[in-house]
Amino acid sequence: MRYACEPSVVIKPFGQTKDGQRVQQYTLTGAGGVVMDVIDYGGKVVRLFTPDRNGVKADVTLGFNDVAGYEIHDPYFGSLIGRYGNRIANGKFVLDGKTYVLPVNNEPGGKPCSLHGGTKGFDAYVWNGEPLSDGKSVGVQFKMRSPDGDQGYPGNLDVIVRYWLTPENVWRIEYEAVTDKATPVNLTQHVYFNFKGEAEGAILDHELTISADRMTPGNVGLITVGKRIPVKGTPFDFTVPWQIGARIEADDEQLRFGGGYDHNWVLNNQDGRLAPAAALYEKSTGRFMEVWTTEPGLQFYCGNFLTDKVPGKRGKNLAYRGGLALETQHYPDSPNQPDFPSAILRPGAVYKSVTEYRFSVK
Ligand code: GAL
């Protein structure tokens, strides 16, 4: 079989963090033509080029040209998220009878929580990067140790994350972790997509499908109330494709709490197999993507906290709702919700999670 491109990984310096750590960039060119620039600072995807239906490539993800951009603004653009993706109510949980206190770094609706791992989550670590290749696919492996007590979490957690780009234009993410004390773990990727291109306006015209008959409603602080409710007949029903903007202004309490979509869906597949979770389509460019995951949940966040004050990578300002994230995950606040699938990793067990973003055109 002939491929569109010679697969390669090219490494070059990207700059340094404000505390002087050097940051490297890995450019992955997949045999199918997708190209991504990834940095070892937070495992961030800085740029992601995919072809449209005419074969013209554009950068379809939000990010910044330098480390300072990421240090100044904090929307988790393109980042690996850990130790716990999403919110933990009041920044507290009890595990095996002991109370653990986490940094409170977020307070939507006046309700304090610990968001995306705390004040210094995995998105702000410089990881140990290594290029990967198996002859067909190329990638990068990131490794790091989050020490016992890091951001209040128990146990030394050794984490490996691999990004692969396959000849079929699949970006595959493999997460693994082991610990020496029981701890919550919920790793995800916070890439924001805009299939018209970065800084090309809002994503309200994208069509989204989510393979989920239920979602977990939140309170005014976007913290789950521990329930799973049917989406049928609500603006949260994406079991068939819907334009994101079509129902976003509906008179609905959950949409008011989120300022739009910012919720966790209970995926129909709950058995840990790699299965379809979502699909995204933008009709003017033909860009189409399927999301597959082994995780039981998906946070769909449509960029309600983004503003038009922040410059993107090509000098143009980003837009309110200028990108959307589809974060595969365990449910929010699981450490405080005994009825939710457990997000606790114990010594001797291996945390494993796989997510694939499969790019194509229609
Ligand atoms: C999302 C979360 C949003 C917001 C965003 C970061 O994962 O659901 O509420 O906090 O991260 O700005």
# chains A, B, ... in the order shown; residues from 1 in each chain; ligands from 1
>>> residues_near_ligand(ligand="ligand 1", cutoff="6 Å", atoms="only C-alpha atoms and all ligand atoms", output="ChimeraX atom specification")
/A:75-76,86,262,301,305
>>> write_last_selection(atoms="all heavy atoms", output="compact mmCIF listing (two decimals), in the first residue's frame")
# COMPACT_ATOMS: atom_id res chain seq x y z
N PRO A 75 -7.06 27.73 29.56
CA PRO A 75 -8.22 26.91 29.16
C PRO A 75 -7.86 25.45 28.89
O PRO A 75 -8.65 24.72 28.33
CB PRO A 75 -8.70 27.60 27.88
CG PRO A 75 -7.64 28.59 27.50
CD PRO A 75 -6.47 28.42 28.41
N TYR A 76 -6.65 25.03 29.29
CA TYR A 76 -6.19 23.64 29.11
C TYR A 76 -6.14 23.25 27.63
O TYR A 76 -6.39 22.11 27.27
CB TYR A 76 -7.08 22.66 29.88
CG TYR A 76 -7.15 22.93 31.36
CD1 TYR A 76 -8.14 23.76 31.89
CD2 TYR A 76 -6.21 22.40 32.23
CE1 TYR A 76 -8.20 24.02 33.25
CE2 TYR A 76 -6.27 22.65 33.59
CZ TYR A 76 -7.26 23.47 34.09
OH TYR A 76 -7.32 23.72 35.44
N ASN A 86 -11.80 16.67 35.36
CA ASN A 86 -13.11 17.16 35.80
C ASN A 86 -13.09 17.57 37.28
O ASN A 86 -12.03 17.71 37.88
CB ASN A 86 -14.22 16.15 35.50
CG ASN A 86 -15.51 16.85 35.09
OD1 ASN A 86 -15.99 17.73 35.78
ND2 ASN A 86 -16.05 16.48 33.95
N ASP A 262 -21.79 21.74 28.94
CA ASP A 262 -20.58 21.52 29.74
C ASP A 262 -20.93 20.41 30.72
O ASP A 262 -21.01 20.63 31.93
CB ASP A 262 -20.19 22.82 30.46
CG ASP A 262 -18.80 22.73 31.09
OD1 ASP A 262 -18.18 21.65 31.00
OD2 ASP A 262 -18.35 23.74 31.66
N TYR A 301 -17.81 19.85 26.23
CA TYR A 301 -17.70 21.24 26.68
C TYR A 301 -17.58 22.10 25.42
O TYR A 301 -16.68 21.86 24.60
CB TYR A 301 -16.47 21.38 27.58
CG TYR A 301 -16.05 22.81 27.84
CD1 TYR A 301 -16.94 23.72 28.41
CD2 TYR A 301 -14.77 23.26 27.53
CE1 TYR A 301 -16.56 25.03 28.64
CE2 TYR A 301 -14.39 24.57 27.75
CZ TYR A 301 -15.29 25.45 28.31
OH TYR A 301 -14.93 26.76 28.53
N PHE A 305 -16.52 29.20 28.38
CA PHE A 305 -15.66 30.13 29.13
C PHE A 305 -14.64 30.83 28.22
O PHE A 305 -13.85 31.64 28.69
CB PHE A 305 -14.91 29.40 30.25
CG PHE A 305 -15.79 28.89 31.36
CD1 PHE A 305 -15.97 27.53 31.56
CD2 PHE A 305 -16.45 29.78 32.20
CE1 PHE A 305 -16.79 27.05 32.58
CE2 PHE A 305 -17.27 29.32 33.22
CZ PHE A 305 -17.44 27.95 33.41
>>> select_by_dssp(residues="stretch 38-82 of chain A", states="strand (DSSP E or B)", output="number ranges by chain")
A: 38-39, 41, 45-51, 57-59, 61, 80-81
>>> write_last_selection(atoms="N, CA, C and O atoms", output="PDB file, in the first residue's frame")
ATOM      1  N   VAL A  38       3.265  18.414  18.968  1.00  0.00           N
ATOM      2  CA  VAL A  38       2.958  18.094  20.358  1.00  0.00           C
ATOM      3  C   VAL A  38       4.156  18.543  21.188  1.00  0.00           C
ATOM      4  O   VAL A  38       5.293  18.376  20.750  1.00  0.00           O
ATOM      5  N   ILE A  39       3.926  19.088  22.379  1.00  0.00           N
ATOM      6  CA  ILE A  39       5.060  19.462  23.238  1.00  0.00           C
ATOM      7  C   ILE A  39       5.052  18.629  24.525  1.00  0.00           C
ATOM      8  O   ILE A  39       3.990  18.153  24.955  1.00  0.00           O
ATOM      9  N   TYR A  41       5.600  19.753  27.388  1.00  0.00           N
ATOM     10  CA  TYR A  41       4.975  20.536  28.462  1.00  0.00           C
ATOM     11  C   TYR A  41       3.470  20.235  28.424  1.00  0.00           C
ATOM     12  O   TYR A  41       2.762  20.630  27.497  1.00  0.00           O
ATOM     13  N   VAL A  45      -1.135  19.300  22.555  1.00  0.00           N
ATOM     14  CA  VAL A  45      -1.192  19.332  21.102  1.00  0.00           C
ATOM     15  C   VAL A  45      -1.307  20.797  20.722  1.00  0.00           C
ATOM     16  O   VAL A  45      -2.312  21.449  21.013  1.00  0.00           O
ATOM     17  N   VAL A  46      -0.238  21.319  20.114  1.00  0.00           N
ATOM     18  CA  VAL A  46      -0.193  22.744  19.794  1.00  0.00           C
ATOM     19  C   VAL A  46      -0.912  23.007  18.469  1.00  0.00           C
ATOM     20  O   VAL A  46      -1.642  23.981  18.332  1.00  0.00           O
ATOM     21  N   ARG A  47      -0.647  22.121  17.511  1.00  0.00           N
ATOM     22  CA  ARG A  47      -1.280  22.248  16.184  1.00  0.00           C
ATOM     23  C   ARG A  47      -1.696  20.870  15.709  1.00  0.00           C
ATOM     24  O   ARG A  47      -1.010  19.878  16.001  1.00  0.00           O
ATOM     25  N   LEU A  48      -2.774  20.823  14.958  1.00  0.00           N
ATOM     26  CA  LEU A  48      -3.260  19.549  14.421  1.00  0.00           C
ATOM     27  C   LEU A  48      -3.825  19.841  13.036  1.00  0.00           C
ATOM     28  O   LEU A  48      -4.844  20.539  12.911  1.00  0.00           O
ATOM     29  N   PHE A  49      -3.120  19.366  12.017  1.00  0.00           N
ATOM     30  CA  PHE A  49      -3.536  19.654  10.643  1.00  0.00           C
ATOM     31  C   PHE A  49      -4.251  18.443  10.061  1.00  0.00           C
ATOM     32  O   PHE A  49      -3.680  17.341  10.021  1.00  0.00           O
ATOM     33  N   THR A  50      -5.495  18.656   9.630  1.00  0.00           N
ATOM     34  CA  THR A  50      -6.219  17.573   8.958  1.00  0.00           C
ATOM     35  C   THR A  50      -6.735  18.096   7.616  1.00  0.00           C
ATOM     36  O   THR A  50      -7.046  19.283   7.478  1.00  0.00           O
ATOM     37  N   PRO A  51      -6.841  17.206   6.611  1.00  0.00           N
ATOM     38  CA  PRO A  51      -7.335  17.632   5.302  1.00  0.00           C
ATOM     39  C   PRO A  51      -8.850  17.836   5.297  1.00  0.00           C
ATOM     40  O   PRO A  51      -9.573  17.140   6.013  1.00  0.00           O
ATOM     41  N   LYS A  57      -5.217  21.135   3.888  1.00  0.00           N
ATOM     42  CA  LYS A  57      -5.044  20.963   5.329  1.00  0.00           C
ATOM     43  C   LYS A  57      -5.216  22.277   6.085  1.00  0.00           C
ATOM     44  O   LYS A  57      -4.814  23.332   5.594  1.00  0.00           O
ATOM     45  N   ALA A  58      -5.790  22.188   7.264  1.00  0.00           N
ATOM     46  CA  ALA A  58      -5.859  23.348   8.162  1.00  0.00           C
ATOM     47  C   ALA A  58      -5.626  22.864   9.585  1.00  0.00           C
ATOM     48  O   ALA A  58      -5.860  21.691   9.901  1.00  0.00           O
ATOM     49  N   ASP A  59      -5.167  23.793  10.407  1.00  0.00           N
ATOM     50  CA  ASP A  59      -4.951  23.519  11.831  1.00  0.00           C
ATOM     51  C   ASP A  59      -6.312  23.605  12.520  1.00  0.00           C
ATOM     52  O   ASP A  59      -6.932  24.677  12.557  1.00  0.00           O
ATOM     53  N   THR A  61      -7.124  22.897  15.753  1.00  0.00           N
ATOM     54  CA  THR A  61      -7.153  22.893  17.215  1.00  0.00           C
ATOM     55  C   THR A  61      -6.694  24.229  17.789  1.00  0.00           C
ATOM     56  O   THR A  61      -5.896  24.942  17.173  1.00  0.00           O
ATOM     57  N   LEU A  80      -2.893  17.203  28.289  1.00  0.00           N
ATOM     58  CA  LEU A  80      -3.160  16.018  29.106  1.00  0.00           C
ATOM     59  C   LEU A  80      -3.680  16.500  30.449  1.00  0.00           C
ATOM     60  O   LEU A  80      -3.155  17.469  30.999  1.00  0.00           O
ATOM     61  N   ILE A  81      -4.674  15.797  30.977  1.00  0.00           N
ATOM     62  CA  ILE A  81      -5.271  16.210  32.244  1.00  0.00           C
ATOM     63  C   ILE A  81      -5.133  15.088  33.266  1.00  0.00           C
ATOM     64  O   ILE A  81      -5.441  13.934  32.975  1.00  0.00           O
TER      65      ILE A  81
END
>>> closest_residue(among="A:Asp52, A:Asp123, A:Asp134, A:Asp333", to="A:Pro217", atoms="only C-alpha atoms")
A:Asp333
>>> residues_around(residues="A:Glu295", least_positions_apart="6", cutoff="10 Å", atoms="only C-alpha atoms", output="JSON, numbers by chain")
{"A": [186, 188, 266, 267, 269, 270, 271, 272, 273, 274, 275, 277, 327, 328, 329, 330, 331, 352, 353, 354, 355]}
>>> write_last_selection(atoms="C-alpha atoms", output="tab-separated table (two decimals), in the first residue's frame")
chain	number	residue	atom	x	y	z
A	186	ASN	CA	-8.97	9.95	35.73
A	188	THR	CA	-8.01	12.64	29.71
A	266	VAL	CA	-23.08	8.29	30.29
A	267	LEU	CA	-21.84	6.41	27.24
A	269	ASN	CA	-20.86	1.22	26.15
A	270	GLN	CA	-19.96	0.49	29.77
A	271	ASP	CA	-17.87	-2.65	29.49
A	272	GLY	CA	-14.42	-1.17	28.87
A	273	ARG	CA	-14.23	-2.20	25.19
A	274	LEU	CA	-13.01	0.36	22.66
A	275	ALA	CA	-16.36	1.53	21.28
A	277	ALA	CA	-18.56	7.48	21.82
A	327	GLU	CA	-13.10	14.57	27.01
A	328	THR	CA	-13.31	10.81	27.54
A	329	GLN	CA	-13.37	10.05	31.24
A	330	HIS	CA	-14.86	8.51	34.35
A	331	TYR	CA	-17.73	10.62	35.67
A	352	LYS	CA	-5.45	1.50	31.33
A	353	SER	CA	-7.50	3.69	29.08
A	354	VAL	CA	-7.59	4.14	25.30
A	355	THR	CA	-9.20	6.88	23.23
>>> residues_around(residues="A:Thr179", least_positions_apart="5", cutoff="7 Å", atoms="only C-alpha atoms", output="list in words")
Gly155, Asn156, Leu157, Asp158, Arg346 and Pro347 of chain A
>>> write_last_selection(atoms="C-alpha atoms", output="compact mmCIF listing (two decimals), in the first residue's frame")
# COMPACT_ATOMS: atom_id res chain seq x y z
CA GLY A 155 0.61 7.58 46.34
CA ASN A 156 3.46 7.86 43.88
CA LEU A 157 1.74 7.60 40.52
CA ASP A 158 3.82 6.52 37.52
CA ARG A 346 -5.03 0.38 43.89
CA PRO A 347 -1.44 -0.88 44.22
